[in-house]
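Trainee: Data file run_30.pdb (PDB, C-alpha atoms and all ligand atoms) is appended below.
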ATOM      1  CA  MET H1357      22.022  -8.338 -22.694  1.00  0.00           C
ATOM      2  CA  THR H1358      20.676  -4.824 -22.343  1.00  0.00           C
ATOM      3  CA  LEU H1359      16.937  -4.543 -21.997  1.00  0.00           C
ATOM      4  CA  THR H1360      15.003  -1.883 -23.850  1.00  0.00           C
ATOM      5  CA  PRO H1361      13.055   0.568 -21.646  1.00  0.00           C
ATOM      6  CA  PHE H1362       9.842  -1.268 -22.579  1.00  0.00           C
ATOM      7  CA  GLU H1363      11.307  -4.671 -21.659  1.00  0.00           C
ATOM      8  CA  THR H1364      12.561  -3.242 -18.373  1.00  0.00           C
ATOM      9  CA  ILE H1365       9.208  -1.796 -17.386  1.00  0.00           C
ATOM     10  CA  LYS H1366       7.302  -4.888 -18.528  1.00  0.00           C
ATOM     11  CA  LYS H1367       9.558  -7.032 -16.357  1.00  0.00           C
ATOM     12  CA  ALA H1368       9.082  -4.732 -13.359  1.00  0.00           C
ATOM     13  CA  ILE H1369       5.308  -4.825 -13.809  1.00  0.00           C
ATOM     14  CA  SER H1370       5.099  -8.577 -14.242  1.00  0.00           C
ATOM     15  CA  ARG H1371       7.392  -9.286 -11.267  1.00  0.00           C
ATOM     16  CA  ARG H1372       5.533  -7.060  -8.794  1.00  0.00           C
ATOM     17  CA  ARG H1373       3.467  -9.112  -6.364  1.00  0.00           C
ATOM     18  CA  SER H1374       1.817  -8.629  -3.030  1.00  0.00           C
ATOM     19  CA  VAL H1375       4.361  -9.791  -0.483  1.00  0.00           C
ATOM     20  CA  PHE H1376       3.101 -10.192   3.068  1.00  0.00           C
ATOM     21  CA  PRO H1377       4.909  -9.548   6.376  1.00  0.00           C
ATOM     22  CA  PRO H1378       5.558 -13.229   7.271  1.00  0.00           C
ATOM     23  CA  SER H1379       7.989 -13.299   4.300  1.00  0.00           C
ATOM     24  CA  TYR H1380       9.893 -10.192   5.372  1.00  0.00           C
ATOM     25  CA  THR H1381      13.501 -10.449   6.550  1.00  0.00           C
ATOM     26  CA  ASN H1382      15.128  -8.211   9.157  1.00  0.00           C
ATOM     27  CA  GLN H1383      17.101  -6.249   6.569  1.00  0.00           C
ATOM     28  CA  VAL H1384      16.671  -2.518   7.110  1.00  0.00           C
ATOM     29  CA  ILE H1385      15.434  -0.300   4.279  1.00  0.00           C
ATOM     30  CA  ALA H1386      17.712   2.760   4.109  1.00  0.00           C
ATOM     31  CA  LYS H1387      15.787   5.972   4.739  1.00  0.00           C
ATOM     32  CA  GLU H1388      17.339   7.486   1.591  1.00  0.00           C
ATOM     33  CA  LEU H1389      15.921   4.618  -0.469  1.00  0.00           C
ATOM     34  CA  LEU H1390      12.510   4.911   1.169  1.00  0.00           C
ATOM     35  CA  THR H1391      12.568   8.610   0.298  1.00  0.00           C
ATOM     36  CA  GLU H1392      13.421   7.778  -3.324  1.00  0.00           C
ATOM     37  CA  LEU H1393      10.521   5.313  -3.456  1.00  0.00           C
ATOM     38  CA  LEU H1394       8.192   8.012  -2.129  1.00  0.00           C
ATOM     39  CA  ALA H1395       9.541  10.349  -4.818  1.00  0.00           C
ATOM     40  CA  CYS H1396       8.471   7.734  -7.391  1.00  0.00           C
ATOM     41  CA  ALA H1397       4.980   7.841  -5.837  1.00  0.00           C
ATOM     42  CA  ASN H1398       5.042  11.625  -6.063  1.00  0.00           C
ATOM     43  CA  ALA H1399       5.637  11.412  -9.831  1.00  0.00           C
ATOM     44  CA  ALA H1400       2.160   9.944 -10.411  1.00  0.00           C
ATOM     45  CA  PRO H1401      -0.238  11.596 -12.844  1.00  0.00           C
ATOM     46  CA  THR H1402      -2.991  13.769 -11.455  1.00  0.00           C
ATOM     47  CA  HIS H1403      -5.856  15.789 -12.931  1.00  0.00           C
ATOM     48  CA  LYS H1404      -5.327  19.552 -12.507  1.00  0.00           C
ATOM     49  CA  LEU H1405      -2.136  18.717 -10.632  1.00  0.00           C
ATOM     50  CA  THR H1406      -4.053  18.343  -7.373  1.00  0.00           C
ATOM     51  CA  GLN H1407      -1.519  15.720  -6.172  1.00  0.00           C
ATOM     52  CA  PRO H1408      -3.921  14.348  -3.568  1.00  0.00           C
ATOM     53  CA  TRP H1409      -1.724  11.597  -2.110  1.00  0.00           C
ATOM     54  CA  ARG H1410      -0.526  12.038   1.459  1.00  0.00           C
ATOM     55  CA  PHE H1411       1.687   9.530   3.263  1.00  0.00           C
ATOM     56  CA  VAL H1412       2.478   8.923   6.906  1.00  0.00           C
ATOM     57  CA  VAL H1413       5.556   6.713   7.235  1.00  0.00           C
ATOM     58  CA  PHE H1414       5.848   4.499  10.315  1.00  0.00           C
ATOM     59  CA  ARG H1415       9.229   3.082  11.255  1.00  0.00           C
ATOM     60  CA  GLY H1416      11.014   2.101  14.468  1.00  0.00           C
ATOM     61  CA  GLN H1417       8.964   3.121  17.507  1.00  0.00           C
ATOM     62  CA  GLY H1418       6.372   4.537  15.143  1.00  0.00           C
ATOM     63  CA  LEU H1419       5.585   0.931  14.186  1.00  0.00           C
ATOM     64  CA  GLU H1420       4.896   0.092  17.836  1.00  0.00           C
ATOM     65  CA  ARG H1421       2.480   3.016  18.131  1.00  0.00           C
ATOM     66  CA  LEU H1422       0.742   1.955  14.917  1.00  0.00           C
ATOM     67  CA  ALA H1423       0.511  -1.683  16.030  1.00  0.00           C
ATOM     68  CA  ASP H1424      -1.077  -0.612  19.330  1.00  0.00           C
ATOM     69  CA  GLN H1425      -3.482   1.707  17.556  1.00  0.00           C
ATOM     70  CA  LEU H1426      -4.645  -0.826  14.939  1.00  0.00           C
ATOM     71  CA  ALA H1427      -5.113  -3.456  17.636  1.00  0.00           C
ATOM     72  CA  ALA H1428      -7.075  -1.016  19.817  1.00  0.00           C
ATOM     73  CA  LEU H1429      -9.310   0.008  16.895  1.00  0.00           C
ATOM     74  CA  TYR H1430      -9.939  -3.628  16.005  1.00  0.00           C
ATOM     75  CA  LYS H1431     -10.958  -4.324  19.594  1.00  0.00           C
ATOM     76  CA  THR H1432     -13.207  -1.266  19.855  1.00  0.00           C
ATOM     77  CA  HIS H1433     -14.958  -1.604  16.498  1.00  0.00           C
ATOM     78  CA  THR H1434     -15.401  -5.370  16.181  1.00  0.00           C
ATOM     79  CA  PRO H1435     -18.722  -6.741  17.458  1.00  0.00           C
ATOM     80  CA  PRO H1436     -18.017  -9.182  20.321  1.00  0.00           C
ATOM     81  CA  GLU H1437     -19.425 -12.161  18.390  1.00  0.00           C
ATOM     82  CA  GLN H1438     -16.931 -11.492  15.552  1.00  0.00           C
ATOM     83  CA  PHE H1439     -13.921 -10.656  17.720  1.00  0.00           C
ATOM     84  CA  LEU H1440     -10.969 -13.033  17.378  1.00  0.00           C
ATOM     85  CA  GLN H1441      -7.980 -12.813  19.705  1.00  0.00           C
ATOM     86  CA  LYS H1442      -5.879 -14.397  16.937  1.00  0.00           C
ATOM     87  CA  LYS H1443      -6.813 -11.582  14.546  1.00  0.00           C
ATOM     88  CA  LEU H1444      -5.889  -8.983  17.177  1.00  0.00           C
ATOM     89  CA  GLU H1445      -2.491 -10.599  17.607  1.00  0.00           C
ATOM     90  CA  SER H1446      -1.869 -10.928  13.849  1.00  0.00           C
ATOM     91  CA  THR H1447      -2.837  -7.273  13.353  1.00  0.00           C
ATOM     92  CA  ARG H1448      -0.064  -6.268  15.745  1.00  0.00           C
ATOM     93  CA  ALA H1449       2.404  -8.856  14.488  1.00  0.00           C
ATOM     94  CA  LYS H1450       2.256  -7.866  10.834  1.00  0.00           C
ATOM     95  CA  VAL H1451       3.035  -4.230  11.655  1.00  0.00           C
ATOM     96  CA  LEU H1452       5.949  -5.204  13.896  1.00  0.00           C
ATOM     97  CA  ARG H1453       7.283  -7.636  11.295  1.00  0.00           C
ATOM     98  CA  SER H1454       7.518  -4.825   8.694  1.00  0.00           C
ATOM     99  CA  ASP H1455      10.463  -2.487   8.265  1.00  0.00           C
ATOM    100  CA  ALA H1456       8.086   0.329   7.317  1.00  0.00           C
ATOM    101  CA  VAL H1457       4.344   0.786   7.063  1.00  0.00           C
ATOM    102  CA  ILE H1458       3.045   3.711   5.053  1.00  0.00           C
ATOM    103  CA  ALA H1459      -0.453   5.047   5.678  1.00  0.00           C
ATOM    104  CA  ILE H1460      -1.919   5.805   2.258  1.00  0.00           C
ATOM    105  CA  CYS H1461      -4.077   8.904   2.464  1.00  0.00           C
ATOM    106  CA  GLY H1462      -5.892  11.017  -0.059  1.00  0.00           C
ATOM    107  CA  SER H1463      -7.026  14.592   0.176  1.00  0.00           C
ATOM    108  CA  TYR H1464     -10.088  16.016  -1.551  1.00  0.00           C
ATOM    109  CA  ASN H1465     -10.833  19.716  -2.004  1.00  0.00           C
ATOM    110  CA  GLY H1466     -13.547  19.635  -4.678  1.00  0.00           C
ATOM    111  CA  THR H1467     -11.319  20.705  -7.597  1.00  0.00           C
ATOM    112  CA  VAL H1468     -11.959  17.419  -9.408  1.00  0.00           C
ATOM    113  CA  PRO H1469     -14.390  14.558  -8.609  1.00  0.00           C
ATOM    114  CA  GLN H1470     -13.365  12.503  -5.602  1.00  0.00           C
ATOM    115  CA  ARG H1471     -13.069   9.359  -7.712  1.00  0.00           C
ATOM    116  CA  GLU H1472     -10.283  11.064  -9.661  1.00  0.00           C
ATOM    117  CA  GLU H1473      -8.401  11.808  -6.454  1.00  0.00           C
ATOM    118  CA  LEU H1474      -8.742   8.149  -5.469  1.00  0.00           C
ATOM    119  CA  ALA H1475      -7.505   7.098  -8.904  1.00  0.00           C
ATOM    120  CA  ALA H1476      -4.509   9.453  -8.713  1.00  0.00           C
ATOM    121  CA  THR H1477      -3.613   8.217  -5.220  1.00  0.00           C
ATOM    122  CA  ALA H1478      -3.774   4.622  -6.458  1.00  0.00           C
ATOM    123  CA  CYS H1479      -1.434   5.578  -9.332  1.00  0.00           C
ATOM    124  CA  ALA H1480       1.002   6.948  -6.739  1.00  0.00           C
ATOM    125  CA  VAL H1481       0.825   3.709  -4.760  1.00  0.00           C
ATOM    126  CA  GLN H1482       1.438   1.652  -7.886  1.00  0.00           C
ATOM    127  CA  ASN H1483       4.567   3.716  -8.627  1.00  0.00           C
ATOM    128  CA  LEU H1484       5.778   3.116  -5.085  1.00  0.00           C
ATOM    129  CA  TRP H1485       4.942  -0.589  -5.302  1.00  0.00           C
ATOM    130  CA  LEU H1486       6.717  -1.125  -8.643  1.00  0.00           C
ATOM    131  CA  ALA H1487       9.784   0.831  -7.544  1.00  0.00           C
ATOM    132  CA  ALA H1488       9.957  -1.031  -4.229  1.00  0.00           C
ATOM    133  CA  SER H1489       9.596  -4.377  -5.969  1.00  0.00           C
ATOM    134  CA  ALA H1490      12.396  -3.498  -8.407  1.00  0.00           C
ATOM    135  CA  THR H1491      14.769  -2.954  -5.450  1.00  0.00           C
ATOM    136  CA  GLY H1492      13.871  -6.293  -3.833  1.00  0.00           C
ATOM    137  CA  ILE H1493      11.461  -4.802  -1.304  1.00  0.00           C
ATOM    138  CA  GLY H1494       8.154  -6.571  -0.947  1.00  0.00           C
ATOM    139  CA  GLY H1495       4.952  -4.842  -0.021  1.00  0.00           C
ATOM    140  CA  TYR H1496       1.212  -5.026  -0.037  1.00  0.00           C
ATOM    141  CA  TRP H1497      -1.748  -2.682   0.250  1.00  0.00           C
ATOM    142  CA  SER H1498      -3.928  -3.526   3.223  1.00  0.00           C
ATOM    143  CA  SER H1499      -7.353  -1.964   3.638  1.00  0.00           C
ATOM    144  CA  PRO H1500      -8.834  -3.080   6.983  1.00  0.00           C
ATOM    145  CA  GLY H1501     -12.221  -1.776   8.125  1.00  0.00           C
ATOM    146  CA  THR H1502     -10.501   0.146  10.918  1.00  0.00           C
ATOM    147  CA  ILE H1503      -9.112   2.745   8.466  1.00  0.00           C
ATOM    148  CA  LYS H1504     -12.466   4.557   8.828  1.00  0.00           C
ATOM    149  CA  HIS H1505     -11.551   5.347  12.425  1.00  0.00           C
ATOM    150  CA  ILE H1506      -7.866   6.181  12.151  1.00  0.00           C
ATOM    151  CA  GLY H1507      -8.086   9.824  11.058  1.00  0.00           C
ATOM    152  CA  ASP H1508      -7.294  11.336  14.474  1.00  0.00           C
ATOM    153  CA  PHE H1509      -4.313   9.064  15.032  1.00  0.00           C
ATOM    154  CA  LEU H1510      -2.929  10.023  11.598  1.00  0.00           C
ATOM    155  CA  GLU H1511      -3.743  13.697  12.276  1.00  0.00           C
ATOM    156  CA  LEU H1512      -5.796  13.892   9.088  1.00  0.00           C
ATOM    157  CA  THR H1513      -7.827  17.010   8.333  1.00  0.00           C
ATOM    158  CA  ASP H1514     -11.536  16.869   7.411  1.00  0.00           C
ATOM    159  CA  ASP H1515     -10.736  16.814   3.677  1.00  0.00           C
ATOM    160  CA  GLN H1516      -8.404  13.816   4.001  1.00  0.00           C
ATOM    161  CA  ALA H1517      -9.067  10.084   4.334  1.00  0.00           C
ATOM    162  CA  CYS H1518      -6.960   7.004   4.920  1.00  0.00           C
ATOM    163  CA  LEU H1519      -7.218   4.509   2.043  1.00  0.00           C
ATOM    164  CA  GLY H1520      -5.113   1.778   3.578  1.00  0.00           C
ATOM    165  CA  PHE H1521      -1.627   0.838   4.634  1.00  0.00           C
ATOM    166  CA  PHE H1522       1.351  -0.210   2.558  1.00  0.00           C
ATOM    167  CA  TYR H1523       3.389  -2.811   4.473  1.00  0.00           C
ATOM    168  CA  MET H1524       7.020  -3.081   3.385  1.00  0.00           C
ATOM    169  CA  GLY H1525      10.092  -5.185   3.954  1.00  0.00           C
ATOM    170  CA  TYR H1526      12.930  -6.937   2.183  1.00  0.00           C
ATOM    171  CA  HIS H1527      11.845 -10.537   1.713  1.00  0.00           C
ATOM    172  CA  ASP H1528      12.908 -14.016   0.739  1.00  0.00           C
ATOM    173  CA  GLU H1529       9.903 -15.084  -1.283  1.00  0.00           C
ATOM    174  CA  PRO H1530      10.424 -16.776  -4.664  1.00  0.00           C
ATOM    175  CA  PRO H1531       8.818 -15.065  -7.683  1.00  0.00           C
ATOM    176  CA  ARG H1532       5.286 -16.170  -8.544  1.00  0.00           C
ATOM    177  CA  GLU H1533       3.015 -15.636 -11.510  1.00  0.00           C
ATOM    178  CA  ALA H1534       0.136 -13.189 -11.401  1.00  0.00           C
ATOM    179  CA  ASN H1535      -3.280 -14.773 -10.968  1.00  0.00           C
ATOM    180  CA  ARG H1536      -5.454 -12.944 -13.479  1.00  0.00           C
ATOM    181  CA  VAL H1537      -8.482 -13.615 -15.660  1.00  0.00           C
ATOM    182  CA  PRO H1538      -7.098 -13.471 -19.217  1.00  0.00           C
ATOM    183  CA  LEU H1539      -7.272 -10.143 -20.998  1.00  0.00           C
ATOM    184  CA  PRO H1540      -9.864 -11.019 -23.690  1.00  0.00           C
ATOM    185  CA  ALA H1541     -12.557 -11.168 -20.965  1.00  0.00           C
ATOM    186  CA  LYS H1542     -11.824  -7.521 -20.123  1.00  0.00           C
ATOM    187  CA  VAL H1543     -11.142  -5.890 -23.477  1.00  0.00           C
ATOM    188  CA  ARG H1544     -13.413  -5.208 -26.400  1.00  0.00           C
ATOM    189  CA  TRP H1545     -11.749  -3.991 -29.560  1.00  0.00           C
ATOM    190  CA  GLU H1546     -13.549  -1.782 -32.029  1.00  0.00           C
ATOM    191  CA  GLU H1547     -11.556  -1.369 -35.216  1.00  0.00           C
TER
HETATM  192  C1  LIG S1601      -6.888  -0.942  -3.155  1.00  0.00           C
HETATM  193  C2  LIG S1601      -6.332  -2.276  -2.735  1.00  0.00           C
HETATM  194  C3  LIG S1601      -6.664  -2.766  -1.484  1.00  0.00           C
HETATM  195  C4  LIG S1601      -6.147  -4.013  -1.063  1.00  0.00           C
HETATM  196  N1  LIG S1601      -6.477  -4.478   0.207  1.00  0.00           N
HETATM  197  C5  LIG S1601      -6.002  -5.678   0.590  1.00  0.00           C
HETATM  198  C6  LIG S1601      -6.309  -6.185   1.888  1.00  0.00           C
HETATM  199  O1  LIG S1601      -6.990  -5.536   2.687  1.00  0.00           O
HETATM  200  N2  LIG S1601      -5.821  -7.396   2.233  1.00  0.00           N
HETATM  201  C7  LIG S1601      -5.037  -8.138   1.366  1.00  0.00           C
HETATM  202  O2  LIG S1601      -4.616  -9.247   1.725  1.00  0.00           O
HETATM  203  N3  LIG S1601      -4.687  -7.657   0.148  1.00  0.00           N
HETATM  204  C8  LIG S1601      -5.146  -6.453  -0.261  1.00  0.00           C
HETATM  205  N4  LIG S1601      -4.783  -5.959  -1.484  1.00  0.00           N
HETATM  206  C9  LIG S1601      -3.811  -6.713  -2.307  1.00  0.00           C
HETATM  207  C10 LIG S1601      -4.537  -7.639  -3.264  1.00  0.00           C
HETATM  208  O3  LIG S1601      -5.052  -8.742  -2.567  1.00  0.00           O
HETATM  209  C11 LIG S1601      -3.542  -8.099  -4.355  1.00  0.00           C
HETATM  210  O4  LIG S1601      -3.037  -6.970  -5.031  1.00  0.00           O
HETATM  211  C12 LIG S1601      -4.205  -9.044  -5.350  1.00  0.00           C
HETATM  212  O5  LIG S1601      -4.530 -10.260  -4.749  1.00  0.00           O
HETATM  213  C13 LIG S1601      -3.309  -9.329  -6.547  1.00  0.00           C
HETATM  214  O6  LIG S1601      -2.095  -9.902  -6.141  1.00  0.00           O
HETATM  215  P1  LIG S1601      -0.711  -9.263  -6.571  1.00  0.00           P
HETATM  216  O7  LIG S1601      -0.645  -7.888  -5.924  1.00  0.00           O
HETATM  217  O8  LIG S1601       0.331 -10.173  -6.028  1.00  0.00           O
HETATM  218  O9  LIG S1601      -0.654  -9.154  -8.062  1.00  0.00           O
HETATM  219  C14 LIG S1601      -5.285  -4.742  -1.924  1.00  0.00           C
HETATM  220  C15 LIG S1601      -4.952  -4.216  -3.180  1.00  0.00           C
HETATM  221  C16 LIG S1601      -5.470  -3.002  -3.577  1.00  0.00           C
HETATM  222  C17 LIG S1601      -5.075  -2.453  -4.932  1.00  0.00           C
END
Kindly return the structure encoded in the file as structure tokens.

Mentor:
Amino acid sequence: MTLTPFETIKKAISRRRSVFPPSYTNQVIAKELLTELLACANAAPTHKLTQPWRFVVFRGQGLERLADQLAALYKTHTPPEQFLQKKLESTRAKVLRSDAVIAICGSYNGTVPQREELAATACAVQNLWLAASATGIGGYWSSPGTIKHIGDFLELTDDQACLGFFYMGYHDEPPREANRVPLPAKVRWEE
């Protein structure tokens, strides 16, 4: 049975979940596909066409450099009484378990309010996330405290900031329902 465009998009939206690195398989994501997924991100809406999203894609040895960097930042910026060796190890492991990790960055030049640039960048990530999910690639947006300190490593300029990391990999996780407060609690109709 052929789905209508609305049924297709509804299905893609409802099936998208956060999928975490322990569920990733070793299957490699083709670079051409990854580029197509990034093109989906690049189609996001944006006020005054500022297109503020910037991505740094880590793969292969790049993942090892990122794992080392995130672990080093965790060690440097975590107060000793909060430091957990297990957390340090899992920080490294989840990067190395991924086929790709994309640093999600936003740039801000004052053309529109910064919140709009954040919103547009999040729209881009959602496009990427939905498109990835529709091809069987799992992913999730991670926003550790260390992103405040990662600008130099990512070679960001003063008007750019890292908003998190998108971990990606093919996976073997069964579908699960979204956990959401029902809509009536969030919508008021005036008619
Ligand atoms: C901006 C943003 C930041 C997030 N940061 C984290 C994070 O640091 N750690 C985490 O486990 N999940 C993070 N998530 C994923 C959410 O936990 C997840 O989207 C939420 O639980 C809903 O689950 P679902 O994506 O499967 O629908 C983030 C999501 C967004 C949109």

Trainee: Might I get the box with edges along x, y and z of the file that holds all atoms of ligand LIG 1601 (chain S) listed there, padded by 3 Å on every side, given as centre and edge lengths in Å to one decimal, as lines of an AutoDock Vina configuration file?

Mentor:
center_x = -3.3
center_y = -5.6
center_z = -2.7
size_x = 13.3
size_y = 15.3
size_z = 16.7

Trainee: Can you tell me which residues surround Asn1382 (chain H) at a distance of at most 8 Å, considering only C-alpha atoms, apart from same-chain residues fewer than 4 positions away, and format the answer as a short mmCIF file (atom, residue, chain, number, x, y, z; two decimals) with C-alpha atoms, keeping the file's coordinate frame?

Mentor:
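The file below, part.cif, is the result:
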data_model
loop_
_atom_site.label_atom_id
_atom_site.label_comp_id
_atom_site.auth_asym_id
_atom_site.auth_seq_id
_atom_site.Cartn_x
_atom_site.Cartn_y
_atom_site.Cartn_z
CA ASP H 1455 10.46 -2.49 8.26
CA GLY H 1525 10.09 -5.18 3.95
CA TYR H 1526 12.93 -6.94 2.18
#

Trainee: Determine the residue set returned by the PyMOL selection byres (((chain H and resi 1414) around 10) and not hetatm) for the present structure, and present it as a PyMOL selection string.

Mentor: chain H and resi 1411-1413+1415-1423+1451+1454-1459+1523

Trainee: Please provide the set of residues having any atom within 9 Å of region 1533-1544 of chain H, restricted to only C-alpha atoms, with same-chain residues fewer than 3 positions apart removed, written as JSON, numbers by chain.

Mentor: {"H": [1370, 1371, 1372, 1373]}

Trainee: Can you pull out every residue with an atom within 12 Å of ligand LIG 1601 (chain S)? Use only C-alpha atoms and all ligand atoms and format it as a PDB file with C-alpha atoms, keeping the file's coordinate frame.

Mentor:
ATOM      1  CA  ALA H1368       9.082  -4.732 -13.359  1.00  0.00           C
ATOM      2  CA  ILE H1369       5.308  -4.825 -13.809  1.00  0.00           C
ATOM      3  CA  SER H1370       5.099  -8.577 -14.242  1.00  0.00           C
ATOM      4  CA  ARG H1371       7.392  -9.286 -11.267  1.00  0.00           C
ATOM      5  CA  ARG H1372       5.533  -7.060  -8.794  1.00  0.00           C
ATOM      6  CA  ARG H1373       3.467  -9.112  -6.364  1.00  0.00           C
ATOM      7  CA  SER H1374       1.817  -8.629  -3.030  1.00  0.00           C
ATOM      8  CA  VAL H1375       4.361  -9.791  -0.483  1.00  0.00           C
ATOM      9  CA  PHE H1376       3.101 -10.192   3.068  1.00  0.00           C
ATOM     10  CA  PRO H1377       4.909  -9.548   6.376  1.00  0.00           C
ATOM     11  CA  THR H1447      -2.837  -7.273  13.353  1.00  0.00           C
ATOM     12  CA  LYS H1450       2.256  -7.866  10.834  1.00  0.00           C
ATOM     13  CA  ILE H1460      -1.919   5.805   2.258  1.00  0.00           C
ATOM     14  CA  CYS H1461      -4.077   8.904   2.464  1.00  0.00           C
ATOM     15  CA  LEU H1474      -8.742   8.149  -5.469  1.00  0.00           C
ATOM     16  CA  ALA H1475      -7.505   7.098  -8.904  1.00  0.00           C
ATOM     17  CA  THR H1477      -3.613   8.217  -5.220  1.00  0.00           C
ATOM     18  CA  ALA H1478      -3.774   4.622  -6.458  1.00  0.00           C
ATOM     19  CA  CYS H1479      -1.434   5.578  -9.332  1.00  0.00           C
ATOM     20  CA  ALA H1480       1.002   6.948  -6.739  1.00  0.00           C
ATOM     21  CA  VAL H1481       0.825   3.709  -4.760  1.00  0.00           C
ATOM     22  CA  GLN H1482       1.438   1.652  -7.886  1.00  0.00           C
ATOM     23  CA  TRP H1485       4.942  -0.589  -5.302  1.00  0.00           C
ATOM     24  CA  LEU H1486       6.717  -1.125  -8.643  1.00  0.00           C
ATOM     25  CA  SER H1489       9.596  -4.377  -5.969  1.00  0.00           C
ATOM     26  CA  GLY H1494       8.154  -6.571  -0.947  1.00  0.00           C
ATOM     27  CA  GLY H1495       4.952  -4.842  -0.021  1.00  0.00           C
ATOM     28  CA  TYR H1496       1.212  -5.026  -0.037  1.00  0.00           C
ATOM     29  CA  TRP H1497      -1.748  -2.682   0.250  1.00  0.00           C
ATOM     30  CA  SER H1498      -3.928  -3.526   3.223  1.00  0.00           C
ATOM     31  CA  SER H1499      -7.353  -1.964   3.638  1.00  0.00           C
ATOM     32  CA  PRO H1500      -8.834  -3.080   6.983  1.00  0.00           C
ATOM     33  CA  GLY H1501     -12.221  -1.776   8.125  1.00  0.00           C
ATOM     34  CA  THR H1502     -10.501   0.146  10.918  1.00  0.00           C
ATOM     35  CA  ILE H1503      -9.112   2.745   8.466  1.00  0.00           C
ATOM     36  CA  CYS H1518      -6.960   7.004   4.920  1.00  0.00           C
ATOM     37  CA  LEU H1519      -7.218   4.509   2.043  1.00  0.00           C
ATOM     38  CA  GLY H1520      -5.113   1.778   3.578  1.00  0.00           C
ATOM     39  CA  PHE H1521      -1.627   0.838   4.634  1.00  0.00           C
ATOM     40  CA  PHE H1522       1.351  -0.210   2.558  1.00  0.00           C
ATOM     41  CA  TYR H1523       3.389  -2.811   4.473  1.00  0.00           C
ATOM     42  CA  GLU H1529       9.903 -15.084  -1.283  1.00  0.00           C
ATOM     43  CA  PRO H1531       8.818 -15.065  -7.683  1.00  0.00           C
ATOM     44  CA  ARG H1532       5.286 -16.170  -8.544  1.00  0.00           C
ATOM     45  CA  GLU H1533       3.015 -15.636 -11.510  1.00  0.00           C
ATOM     46  CA  ALA H1534       0.136 -13.189 -11.401  1.00  0.00           C
ATOM     47  CA  ASN H1535      -3.280 -14.773 -10.968  1.00  0.00           C
ATOM     48  CA  ARG H1536      -5.454 -12.944 -13.479  1.00  0.00           C
ATOM     49  CA  VAL H1537      -8.482 -13.615 -15.660  1.00  0.00           C
TER      50      VAL H1537
END

Trainee: If I take CA of Asp1514 (chain H) and CA of Asp1424 (chain H), how far is one from the other in Å, to one decimal?

Mentor: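 Here the two named atoms are 23.6 Å from each other.
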
Trainee: Restricting the calculation to all atoms listed in the file, which member of H:Ala1395, H:Leu1429, H:Leu1510, H:Leu1444 is positioned closest to Asn1483 (chain H)?

Mentor: H:Ala1395

Trainee: Identify all residues satisfying the PyMOL selection byres (((chain H and resi 1509) around 10) and not hetatm) in the given file; provide them as a PyMOL selection string.

Mentor: chain H and resi 1421-1422+1425-1426+1505-1508+1510-1512

Trainee: Between CA of Thr1434 (chain H) and CA of Asp1515 (chain H), what is the distance in Å, rounded to a tenth?

Mentor: 25.9 Å

Trainee: For Thr1364 (chain H), which of H:Glu1546, H:Lys1442, H:Ala1487, H:Ser1379 is the closest residue, counting all atoms listed in the file?

Mentor: H:Ala1487

Trainee: Record the distance separating CA of Glu1473 (chain H) and CA of Pro1408 (chain H), expressed in Å with one decimal.

Mentor: 5.9 Å

Trainee: Using all atoms listed in the file, which of H:Glu1547, H:Arg1453, H:Gly1466, H:Ala1490 sits nearest Tyr1380 (chain H)?

Mentor: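 Looking only at the distances to Tyr1380 (chain H), the closest residue turns out to be H:Arg1453.
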
Trainee: Return the single residue from H:Leu1393, H:Met1524, H:Ala1517, H:Ile1385 that is closest to Arg1410 (chain H), with distances computed using only C-alpha atoms.

Mentor: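 Ranked by minimum distance to Arg1410 (chain H), first place goes to H:Ala1517.
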
Trainee: With all atoms listed in the file as the basis for distance, which of H:Lys1366, H:His1433, H:Lys1404, H:His1527 is at the shortest distance from Lys1504 (chain H)?

Mentor: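 Residue with the minimum atom-to-atom distance to Lys1504 (chain H): H:His1433.
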